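Chemist: Below is the file target11.cif, with mmCIF, C-alpha atoms.
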```cif
data_run
#
loop_
_atom_site.label_atom_id
_atom_site.label_comp_id
_atom_site.auth_asym_id
_atom_site.auth_seq_id
_atom_site.Cartn_x
_atom_site.Cartn_y
_atom_site.Cartn_z
CA MET A 1 -55.07 76.04 -16.67
CA LYS A 2 -57.21 77.00 -13.69
CA GLU A 3 -55.15 74.78 -11.38
CA GLN A 4 -51.89 76.27 -12.71
CA SER A 5 -53.10 79.78 -12.00
CA LEU A 6 -54.18 78.68 -8.55
CA CYS A 7 -50.73 77.22 -7.89
CA VAL A 8 -48.96 80.45 -8.90
CA ALA A 9 -51.45 82.58 -6.97
CA LEU A 10 -50.90 80.47 -3.85
CA PHE A 11 -47.14 80.91 -4.10
CA VAL A 12 -47.46 84.69 -4.57
CA TRP A 13 -49.86 84.91 -1.64
CA LEU A 14 -47.55 82.89 0.62
CA PHE A 15 -44.53 84.85 -0.57
CA CYS A 16 -46.09 88.29 -0.13
CA GLY A 17 -48.04 87.39 2.98
CA CYS A 18 -44.90 86.30 4.80
CA GLN A 19 -42.81 89.31 3.80
CA SER A 20 -44.00 91.25 6.82
CA ASP A 21 -41.43 91.57 9.63
CA SER A 22 -44.03 90.24 12.04
CA TYR A 23 -43.72 86.82 10.37
CA ALA A 24 -40.11 86.69 9.29
CA PRO A 25 -36.96 88.23 10.72
CA PRO A 26 -34.98 90.53 8.43
CA PRO A 27 -32.16 88.91 6.43
CA PRO A 28 -28.59 89.24 7.71
CA PRO A 29 -27.67 92.93 7.22
CA PRO A 30 -24.97 94.08 4.80
CA VAL A 31 -21.58 94.98 6.30
CA THR A 32 -21.31 98.62 7.42
CA SER A 33 -18.40 100.76 8.53
CA GLN A 34 -19.93 100.74 12.05
CA MET A 35 -19.60 96.96 12.14
CA VAL A 36 -15.96 97.17 11.09
CA ALA A 37 -15.29 99.84 13.70
CA ALA A 38 -16.98 97.75 16.39
CA SER A 39 -14.86 94.74 15.43
CA VAL A 40 -11.68 96.83 15.64
CA ARG A 41 -12.70 98.14 19.10
CA LYS A 42 -12.99 94.51 20.23
CA GLU A 43 -9.42 93.94 19.04
CA SER A 44 -10.59 91.64 16.27
CA ASP A 45 -8.49 91.60 13.10
CA ALA A 46 -11.65 91.66 10.98
CA ASN A 47 -11.75 94.15 8.16
CA PHE A 48 -14.42 95.13 5.66
CA ALA A 49 -13.45 92.46 3.11
CA MET A 50 -13.40 89.72 5.72
CA LEU A 51 -16.81 90.66 7.11
CA ARG A 52 -18.26 90.85 3.61
CA GLU A 53 -16.89 87.40 2.79
CA GLY A 54 -18.29 86.15 6.11
CA ARG A 55 -21.76 87.40 5.20
CA THR A 56 -21.59 85.85 1.74
CA LEU A 57 -20.55 82.48 3.16
CA PHE A 58 -23.14 82.70 5.96
CA VAL A 59 -26.06 83.25 3.59
CA HIS A 60 -24.87 80.73 0.98
CA ARG A 61 -23.27 77.80 2.75
CA CYS A 62 -25.36 77.53 5.92
CA ILE A 63 -28.68 77.34 4.05
CA GLU A 64 -27.59 74.22 2.20
CA CYS A 65 -28.72 72.25 5.25
CA HIS A 66 -30.88 74.52 7.43
CA THR A 67 -32.43 77.96 7.57
CA LEU A 68 -30.41 80.78 9.08
CA PRO A 69 -30.70 81.20 12.84
CA LEU A 70 -31.01 84.65 14.34
CA VAL A 71 -27.53 85.82 15.30
CA TRP A 72 -28.68 86.71 18.81
CA HIS A 73 -30.20 83.26 19.27
CA TYR A 74 -26.85 82.02 20.63
CA ARG A 75 -24.35 83.67 22.93
CA THR A 76 -21.19 85.31 21.59
CA ASP A 77 -18.99 82.61 23.09
CA GLU A 78 -21.15 79.83 21.56
CA TRP A 79 -20.83 80.92 17.92
CA PRO A 80 -17.21 79.84 17.20
CA GLY A 81 -18.00 76.31 18.39
CA ILE A 82 -21.29 76.14 16.47
CA VAL A 83 -19.70 77.25 13.20
CA SER A 84 -16.71 74.99 13.78
CA SER A 85 -18.90 71.94 14.40
CA MET A 86 -20.49 72.32 10.94
CA SER A 87 -17.45 73.53 9.01
CA HIS A 88 -16.44 70.11 7.67
CA ARG A 89 -19.82 69.19 6.28
CA SER A 90 -20.17 72.62 4.66
CA GLY A 91 -16.66 72.52 3.23
CA LEU A 92 -15.44 75.63 5.08
CA LYS A 93 -11.73 76.33 5.26
CA PRO A 94 -10.38 77.76 8.57
CA ALA A 95 -10.19 81.31 7.19
CA GLU A 96 -13.77 81.05 5.90
CA ARG A 97 -14.95 79.78 9.27
CA GLU A 98 -13.29 82.76 10.97
CA ALA A 99 -14.89 85.15 8.49
CA ILE A 100 -18.37 83.80 9.28
CA VAL A 101 -17.81 84.06 13.02
CA ALA A 102 -16.39 87.59 12.64
CA TYR A 103 -19.45 88.65 10.62
CA ILE A 104 -21.91 87.17 13.13
CA LEU A 105 -20.16 88.80 16.06
CA ALA A 106 -20.01 92.11 14.20
CA VAL A 107 -23.78 91.97 13.59
CA ARG A 108 -24.38 91.10 17.23
CA SER A 109 -22.33 94.11 18.29
CA GLN A 110 -24.88 96.35 16.53
CA HIS A 111 -27.76 95.22 18.74
CA MET B 1 -18.60 44.35 -13.66
CA LYS B 2 -15.38 46.32 -13.97
CA LEU B 3 -17.40 49.53 -14.12
CA ALA B 4 -19.35 48.58 -10.99
CA LEU B 5 -16.09 47.84 -9.17
CA ARG B 6 -14.66 51.21 -10.18
CA ILE B 7 -17.78 52.97 -8.92
CA VAL B 8 -17.58 51.14 -5.58
CA ILE B 9 -13.89 52.07 -5.19
CA PHE B 10 -14.64 55.69 -6.08
CA VAL B 11 -17.53 55.97 -3.62
CA PHE B 12 -16.06 54.19 -0.64
CA VAL B 13 -12.30 54.69 -0.96
CA ILE B 14 -11.58 57.96 -2.76
CA LEU B 15 -14.51 60.16 -1.76
CA PRO B 16 -13.95 59.96 2.01
CA HIS B 17 -10.59 61.68 1.60
CA VAL B 18 -11.61 64.59 -0.54
CA SER B 19 -15.09 65.68 0.33
CA SER B 20 -17.68 67.33 2.52
CA PHE B 21 -21.47 67.15 2.75
CA GLY B 22 -23.48 68.42 -0.22
CA GLY B 23 -26.49 69.68 1.73
CA ALA B 24 -29.81 68.43 3.06
CA ARG B 25 -33.12 68.29 1.23
CA HIS B 26 -36.30 69.60 2.82
CA PHE B 27 -38.60 68.32 0.08
CA GLY B 28 -39.07 64.97 -1.61
CA PHE B 29 -40.51 66.09 -4.96
CA ILE B 30 -39.32 69.70 -5.13
CA TYR B 31 -35.85 71.06 -5.76
CA GLU B 32 -34.33 73.91 -3.75
CA ALA B 33 -32.35 76.84 -5.12
CA PRO B 34 -29.10 76.60 -3.10
CA THR B 35 -26.37 74.49 -4.66
CA SER B 36 -23.80 72.33 -2.90
CA ALA B 37 -20.53 73.71 -1.54
CA PRO B 38 -17.62 73.53 -3.99
CA GLY B 39 -15.69 70.32 -3.54
CA SER B 40 -18.52 68.51 -1.76
CA PHE B 41 -19.59 64.97 -2.60
CA GLU B 42 -22.76 63.32 -1.46
CA LEU B 43 -24.43 60.02 -2.16
CA GLU B 44 -28.22 60.13 -2.31
CA ASN B 45 -30.52 57.14 -2.48
CA TRP B 46 -34.12 57.60 -3.45
CA VAL B 47 -36.87 55.06 -2.86
CA THR B 48 -40.35 55.80 -4.18
CA TRP B 49 -43.28 53.49 -3.65
CA ALA B 50 -46.24 54.17 -5.93
CA ARG B 51 -49.61 52.44 -5.76
CA THR B 52 -51.89 52.60 -8.77
CA THR B 53 -55.43 51.22 -8.84
CA ASN B 54 -56.86 52.78 -11.97
CA PRO B 55 -57.38 50.93 -14.32
CA GLU B 56 -55.71 48.01 -12.58
CA HIS B 57 -53.95 47.50 -9.26
CA SER B 58 -50.15 47.61 -9.22
CA ASP B 59 -47.36 48.52 -6.85
CA GLU B 60 -44.05 49.89 -8.04
CA VAL B 61 -40.98 50.67 -5.99
CA SER B 62 -38.42 52.74 -7.85
CA PHE B 63 -34.84 53.43 -6.79
CA ARG B 64 -32.30 56.08 -7.65
CA HIS B 65 -28.64 56.13 -6.69
CA GLU B 66 -27.16 59.56 -7.21
CA ILE B 67 -23.81 61.23 -6.63
CA GLU B 68 -24.02 64.98 -6.12
CA ILE B 69 -20.91 67.09 -6.68
CA GLY B 70 -20.43 70.74 -5.75
CA VAL B 71 -18.38 72.20 -8.60
CA THR B 72 -18.30 75.92 -7.82
CA ASP B 73 -20.12 78.20 -5.37
CA ARG B 74 -23.05 78.36 -7.77
CA PHE B 75 -22.85 75.21 -9.86
CA GLN B 76 -23.49 71.58 -8.97
CA ALA B 77 -23.59 68.42 -11.04
CA SER B 78 -25.20 65.09 -10.24
CA ILE B 79 -24.89 61.71 -11.82
CA TYR B 80 -27.74 59.26 -11.49
CA LEU B 81 -25.76 56.05 -11.47
CA ALA B 82 -28.89 53.99 -11.91
CA ASP B 83 -32.65 54.43 -11.85
CA TRP B 84 -34.38 51.07 -11.55
CA PHE B 85 -37.70 49.78 -10.29
CA TYR B 86 -39.48 46.74 -8.95
CA GLU B 87 -43.05 46.27 -10.10
CA ASN B 88 -45.70 43.93 -8.80
CA GLY B 89 -48.92 43.95 -10.78
CA LEU B 90 -51.45 41.64 -12.32
CA GLY B 91 -49.59 38.84 -14.09
CA HIS B 92 -46.15 40.41 -13.95
CA SER B 93 -43.52 41.26 -11.39
CA GLY B 94 -39.79 41.87 -11.33
CA SER B 95 -37.08 44.50 -11.32
CA THR B 96 -35.93 46.48 -14.33
CA TYR B 97 -33.09 48.93 -14.98
CA SER B 98 -34.60 52.13 -16.25
CA ASP B 99 -31.95 54.77 -16.99
CA SER B 100 -28.97 56.83 -15.92
CA ALA B 101 -28.76 60.60 -16.06
CA LEU B 102 -26.76 63.77 -15.72
CA GLU B 103 -28.24 66.67 -13.77
CA LEU B 104 -26.85 70.23 -13.74
CA ILE B 105 -27.99 73.09 -11.50
CA TYR B 106 -26.80 76.69 -11.69
CA ASN B 107 -27.75 79.10 -8.92
CA LEU B 108 -28.55 82.67 -9.95
CA THR B 109 -29.75 84.42 -6.80
CA ASN B 110 -29.89 83.75 -3.08
CA PRO B 111 -33.20 82.95 -1.29
CA VAL B 112 -32.20 84.83 1.87
CA ILE B 113 -30.72 88.15 0.79
CA ASP B 114 -32.26 88.53 -2.68
CA PRO B 115 -36.00 89.10 -3.19
CA ILE B 116 -36.22 85.55 -4.51
CA GLY B 117 -33.69 82.76 -4.94
CA LEU B 118 -33.53 81.34 -8.45
CA SER B 119 -31.73 78.40 -10.01
CA LEU B 120 -31.76 76.79 -13.43
CA TYR B 121 -31.88 73.02 -13.76
CA GLN B 122 -31.12 70.80 -16.71
CA GLU B 123 -31.25 67.02 -16.85
CA TYR B 124 -30.39 64.54 -19.58
CA LYS B 125 -31.57 60.99 -19.06
CA VAL B 126 -30.61 58.00 -21.20
CA GLY B 127 -31.94 54.45 -20.92
CA ASP B 128 -32.91 51.45 -22.96
CA ARG B 129 -34.82 52.99 -25.86
CA LEU B 130 -35.28 56.15 -23.80
CA PHE B 131 -34.05 59.73 -23.96
CA GLU B 132 -35.41 62.41 -21.70
CA TRP B 133 -34.76 66.13 -21.49
CA GLU B 134 -35.92 68.03 -18.44
CA SER B 135 -35.58 71.75 -17.78
CA LYS B 136 -36.60 73.39 -14.56
CA LEU B 137 -36.86 76.83 -13.05
CA ILE B 138 -36.38 76.66 -9.30
CA ALA B 139 -37.60 79.52 -7.13
CA GLN B 140 -37.23 79.72 -3.37
CA LYS B 141 -37.67 82.17 -0.55
CA ASN B 142 -36.43 81.67 2.99
CA LEU B 143 -38.38 83.60 5.58
CA GLY B 144 -36.83 82.87 8.94
CA PRO B 145 -37.53 79.20 9.65
CA LEU B 146 -39.93 78.89 6.69
CA ILE B 147 -38.79 77.76 3.23
CA LEU B 148 -41.11 78.30 0.27
CA ALA B 149 -40.12 76.60 -2.96
CA TYR B 150 -41.61 76.58 -6.44
CA ASN B 151 -40.54 74.51 -9.47
CA ALA B 152 -41.74 74.91 -13.05
CA THR B 153 -40.65 71.90 -15.09
CA LEU B 154 -40.81 71.13 -18.80
CA GLU B 155 -40.06 67.55 -19.72
CA ALA B 156 -39.73 65.89 -23.11
CA VAL B 157 -39.48 62.10 -23.50
CA TRP B 158 -38.58 60.04 -26.55
CA GLU B 159 -38.94 56.29 -26.10
CA GLY B 160 -39.73 52.98 -27.74
CA GLU B 161 -38.46 51.50 -30.98
CA GLY B 162 -36.39 54.13 -32.78
CA LEU B 163 -37.40 56.61 -30.05
CA ALA B 164 -40.54 57.14 -32.08
CA GLU B 165 -42.93 57.63 -29.14
CA ARG B 166 -42.98 61.16 -27.80
CA GLU B 167 -44.46 62.66 -24.70
CA GLY B 168 -44.26 66.04 -23.03
CA GLU B 169 -45.12 67.20 -19.57
CA PHE B 170 -45.38 70.55 -17.86
CA GLN B 171 -45.31 70.40 -14.09
CA GLN B 172 -45.63 73.01 -11.39
CA ALA B 173 -44.74 72.20 -7.83
CA LEU B 174 -45.13 74.26 -4.72
CA GLY B 175 -43.84 73.44 -1.28
CA ALA B 176 -43.49 74.85 2.18
CA SER B 177 -41.16 73.55 4.87
CA TYR B 178 -41.02 74.85 8.41
CA GLU B 179 -37.94 74.24 10.51
CA ILE B 180 -39.06 73.16 13.96
CA SER B 181 -35.45 72.83 15.07
CA PRO B 182 -32.13 72.97 13.18
CA ARG B 183 -32.49 69.22 12.63
CA ILE B 184 -36.20 68.76 11.94
CA SER B 185 -38.50 70.27 9.33
CA VAL B 186 -42.08 69.52 8.36
CA GLY B 187 -44.18 70.85 5.52
CA LEU B 188 -46.44 70.35 2.54
CA GLU B 189 -45.94 69.68 -1.15
CA PHE B 190 -48.33 70.27 -4.02
CA LEU B 191 -47.80 69.08 -7.61
CA HIS B 192 -49.78 69.87 -10.71
CA GLU B 193 -48.98 68.07 -13.96
CA CYS B 194 -50.16 68.55 -17.52
CA VAL B 195 -49.28 65.55 -19.67
CA PHE B 196 -49.09 65.79 -23.47
CA PRO B 197 -48.98 62.36 -25.15
CA ASP B 198 -47.36 62.81 -28.55
CA TRP B 199 -47.10 66.51 -27.69
CA ASP B 200 -50.83 66.86 -28.04
CA ASP B 201 -53.27 68.13 -25.44
CA ALA B 202 -56.35 66.47 -26.92
CA GLU B 203 -56.73 64.12 -23.95
CA ARG B 204 -56.50 67.00 -21.43
CA ILE B 205 -54.57 64.92 -18.88
CA ARG B 206 -54.21 66.79 -15.62
CA ASN B 207 -52.87 65.32 -12.38
CA VAL B 208 -52.74 66.83 -8.94
CA PHE B 209 -50.77 65.43 -6.01
CA ILE B 210 -50.67 66.81 -2.50
CA GLY B 211 -49.24 65.66 0.80
CA PRO B 212 -46.96 66.26 3.79
CA ASN B 213 -43.21 66.03 4.12
CA ALA B 214 -40.74 65.67 6.97
CA SER B 215 -36.99 65.98 7.04
CA TYR B 216 -34.34 65.09 9.59
CA ARG B 217 -30.63 65.94 9.33
CA HIS B 218 -27.75 65.06 11.58
CA ARG B 219 -24.01 65.49 11.07
CA SER B 220 -23.24 64.28 7.53
CA TRP B 221 -26.54 62.64 6.65
CA PHE B 222 -30.19 63.48 6.20
CA VAL B 223 -33.46 61.73 5.46
CA THR B 224 -36.52 63.28 3.84
CA VAL B 225 -39.91 61.62 3.48
CA THR B 226 -42.84 62.87 1.41
CA ALA B 227 -46.23 61.19 1.01
CA LEU B 228 -48.45 62.32 -1.85
CA ALA B 229 -52.04 61.43 -2.64
CA GLN B 230 -53.81 62.09 -5.94
CA PRO B 231 -57.12 63.94 -5.53
CA THR B 232 -57.67 63.64 -9.29
CA ASN B 233 -58.39 60.20 -10.75
CA THR B 234 -56.19 59.96 -13.82
CA PRO B 235 -55.73 56.43 -15.25
CA ASP B 236 -52.20 54.99 -14.95
CA GLU B 237 -51.17 57.64 -12.43
CA PRO B 238 -50.44 56.58 -8.82
CA ASP B 239 -53.14 57.14 -6.23
CA PHE B 240 -50.48 57.29 -3.57
CA GLN B 241 -46.72 57.86 -3.57
CA LEU B 242 -44.24 57.69 -0.74
CA ARG B 243 -40.70 58.93 -1.40
CA THR B 244 -37.76 58.62 0.95
CA ILE B 245 -34.43 60.28 0.17
CA PHE B 246 -31.45 59.30 2.26
CA GLY B 247 -28.27 61.27 1.66
CA PHE B 248 -24.87 61.24 3.25
CA GLY B 249 -21.60 63.03 2.67
CA PHE B 250 -18.19 61.59 3.16
#
```
What's the structure tokens form of this structure?
Modeler:
Amino acid sequence: MKEQSLCVALFVWLFCGCQSDSYAPPPPPPVTSQMVAASVRKESDANFAMLREGRTLFVHRCIECHTLPLVWHYRTDEWPGIVSSMSHRSGLKPAEREAIVAYILAVRSQH
Amino acid sequence: MKLALRIVIFVFVILPHVSSFGGARHFGFIYEAPTSAPGSFELENWVTWARTTNPEHSDEVSFRHEIEIGVTDRFQASIYLADWFYENGLGHSGSTYSDSALELIYNLTNPVIDPIGLSLYQEYKVGDRLFEWESKLIAQKNLGPLILAYNATLEAVWEGEGLAEREGEFQQALGASYEISPRISVGLEFLHECVFPDWDDAERIRNVFIGPNASYRHRSWFVTVTALAQPTNTPDEPDFQLRTIFGFGF
């Protein structure tokens, strides 16, 4: 029983201890109207629903193989190729691939 | 033989035309909360070498051949085509078919955007004079490149003549995996088991295993290796285990 408690306590400690922003980057932000507006200004055909789907796919599909990279880790022009290169193995349809790229670029536009 | 032929045709002829990769594992003994993409198919092969010296020396290499299928965004099913093992001990050696199984995982919450990612796991295993029921709660949190995972598992086994022998086990497992690069992760795994022969805790059997893991993924395949040592000294439990999981999608 003592070992079980130790196991749970260790998990809680690791979980809580790493919650600080100094250790872990914040999760991908929810879609805002500013993101949609920024996408429109860049003549993208992204809308709120598309960006929201892009975020959902980004946080669900990509983590099946690896953790999520920071969106500013790669250049804007690199992202379409990166997402495309992994779209087959993650079962992404073309529209879903575009939604992920649109979401990533919309987040980038906020920084 | 006909069944084996059908399986081979299914795996190598049909799957390549319909599928994508199911996902990569970061841990050898711990399950992760995310489920496979809908429509994905993946073949996973497990090899586990276990060395036991208490009370007598034996080496066992067990194998699992598993097909993992992404059913919906949140639900995946796996079929263990065959679990079998090769054992080499005092006075006996040889390979034996053990069982086949069905594994179901339903994802409840996401480990990135929710406070904690949770999934429910259920497994039914059937073999020669063996039935096993295993339920698991899978918890996970992704913090940047760090993955923390926790499994609480309750297992019930009926085996022997008339399935008269019963055994239960409660296991907790905790793991951490740090992604050095998108392709490589390294980490630690910790297992704590409480075994209840005949659903009784009179013997107070407690096992602890701890050790490192490493994972490499590339295109449509991955390999994960975990080595575990037993700091406790429970009879009939392995002193050392080395598990390799090799998975590839079509």
Chemist: With 8 Å as the limit and counting all atoms listed in the file, what residues in chain B lie close to chain A? Please list them as JSON, numbers by chain.
Modeler: {"B": [19, 20, 21, 22, 23, 24, 25, 34, 35, 36, 37, 38, 39, 40, 110, 112, 113, 141, 142, 143, 144, 145, 146, 147, 148, 150, 172, 173, 174, 179, 182, 183, 192, 217, 219, 220, 249]}
Chemist: Residues picked by the PyMOL selection byres ((chain B and resi 125) around 12) here, as an NGL selection string?
Modeler: :B and (78-83 or 98-104 or 122-124 or 126-135 or 155-159)
Chemist: Just how far from atom CA of Ile69 of chain B is atom CA of Phe250 of chain B, in Å to one decimal?
Modeler: 11.6 Å
Chemist: Starting from the shown file, work through the PyMOL selection byres ((chain B and resi 231) around 7) and note down what comes out as a PyMOL selection string.
Modeler: chain B and resi 208-209+229-230+232-233
Chemist: Could the residues in this selection be written to a file with C-alpha atoms, as a compact mmCIF listing (two decimals), in the coordinates of the input?
Modeler:
```txt
# COMPACT_ATOMS: atom_id res chain seq x y z
CA VAL B 208 -52.74 66.83 -8.94
CA PHE B 209 -50.77 65.43 -6.01
CA ALA B 229 -52.04 61.43 -2.64
CA GLN B 230 -53.81 62.09 -5.94
CA THR B 232 -57.67 63.64 -9.29
CA ASN B 233 -58.39 60.20 -10.75
```
Chemist: Out of B:Gly89, B:Thr53, B:Glu32, B:Leu154, which residue has the shortest atom-to-atom distance to Tyr106 of chain B when counting all atoms listed in the file?
Modeler: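 Looking at the shortest contact to Tyr106 of chain B, the residue is B:Glu32.
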Chemist: Interatomic distance between atom CA of Val31 of chain A and atom CA of Gln140 of chain B?
Modeler: 23.9 Å
Chemist: Could you spell out the hits of the PyMOL selection byres ((chain B and resi 187) around 9) on the shown file, as a PyMOL selection string?
Modeler: chain B and resi 26-27+175-179+185-186+188-189+211-215
Chemist: Please provide the set of residues having any atom within 12 Å of Glu78 of chain A, restricted to all atoms listed in the file, with same-chain residues fewer than 5 positions apart removed, written as a PyMOL selection string.
Modeler: chain A and resi 71-73+83-85+101+104-105
Chemist: Using Å and a single decimal, report how far atom CA of Pro55 of chain B sits from atom CA of Arg166 of chain B.
Modeler: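 About the pair atom CA of Arg166 of chain B and atom CA of Pro55 of chain B: they are 22.2 Å apart.
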Chemist: Nearest to Asp236 of chain B among B:Gly162, B:Ile116, B:Thr224, B:Ile205, with distances taken over only C-alpha atoms: which residue is it?
Modeler: B:Ile205
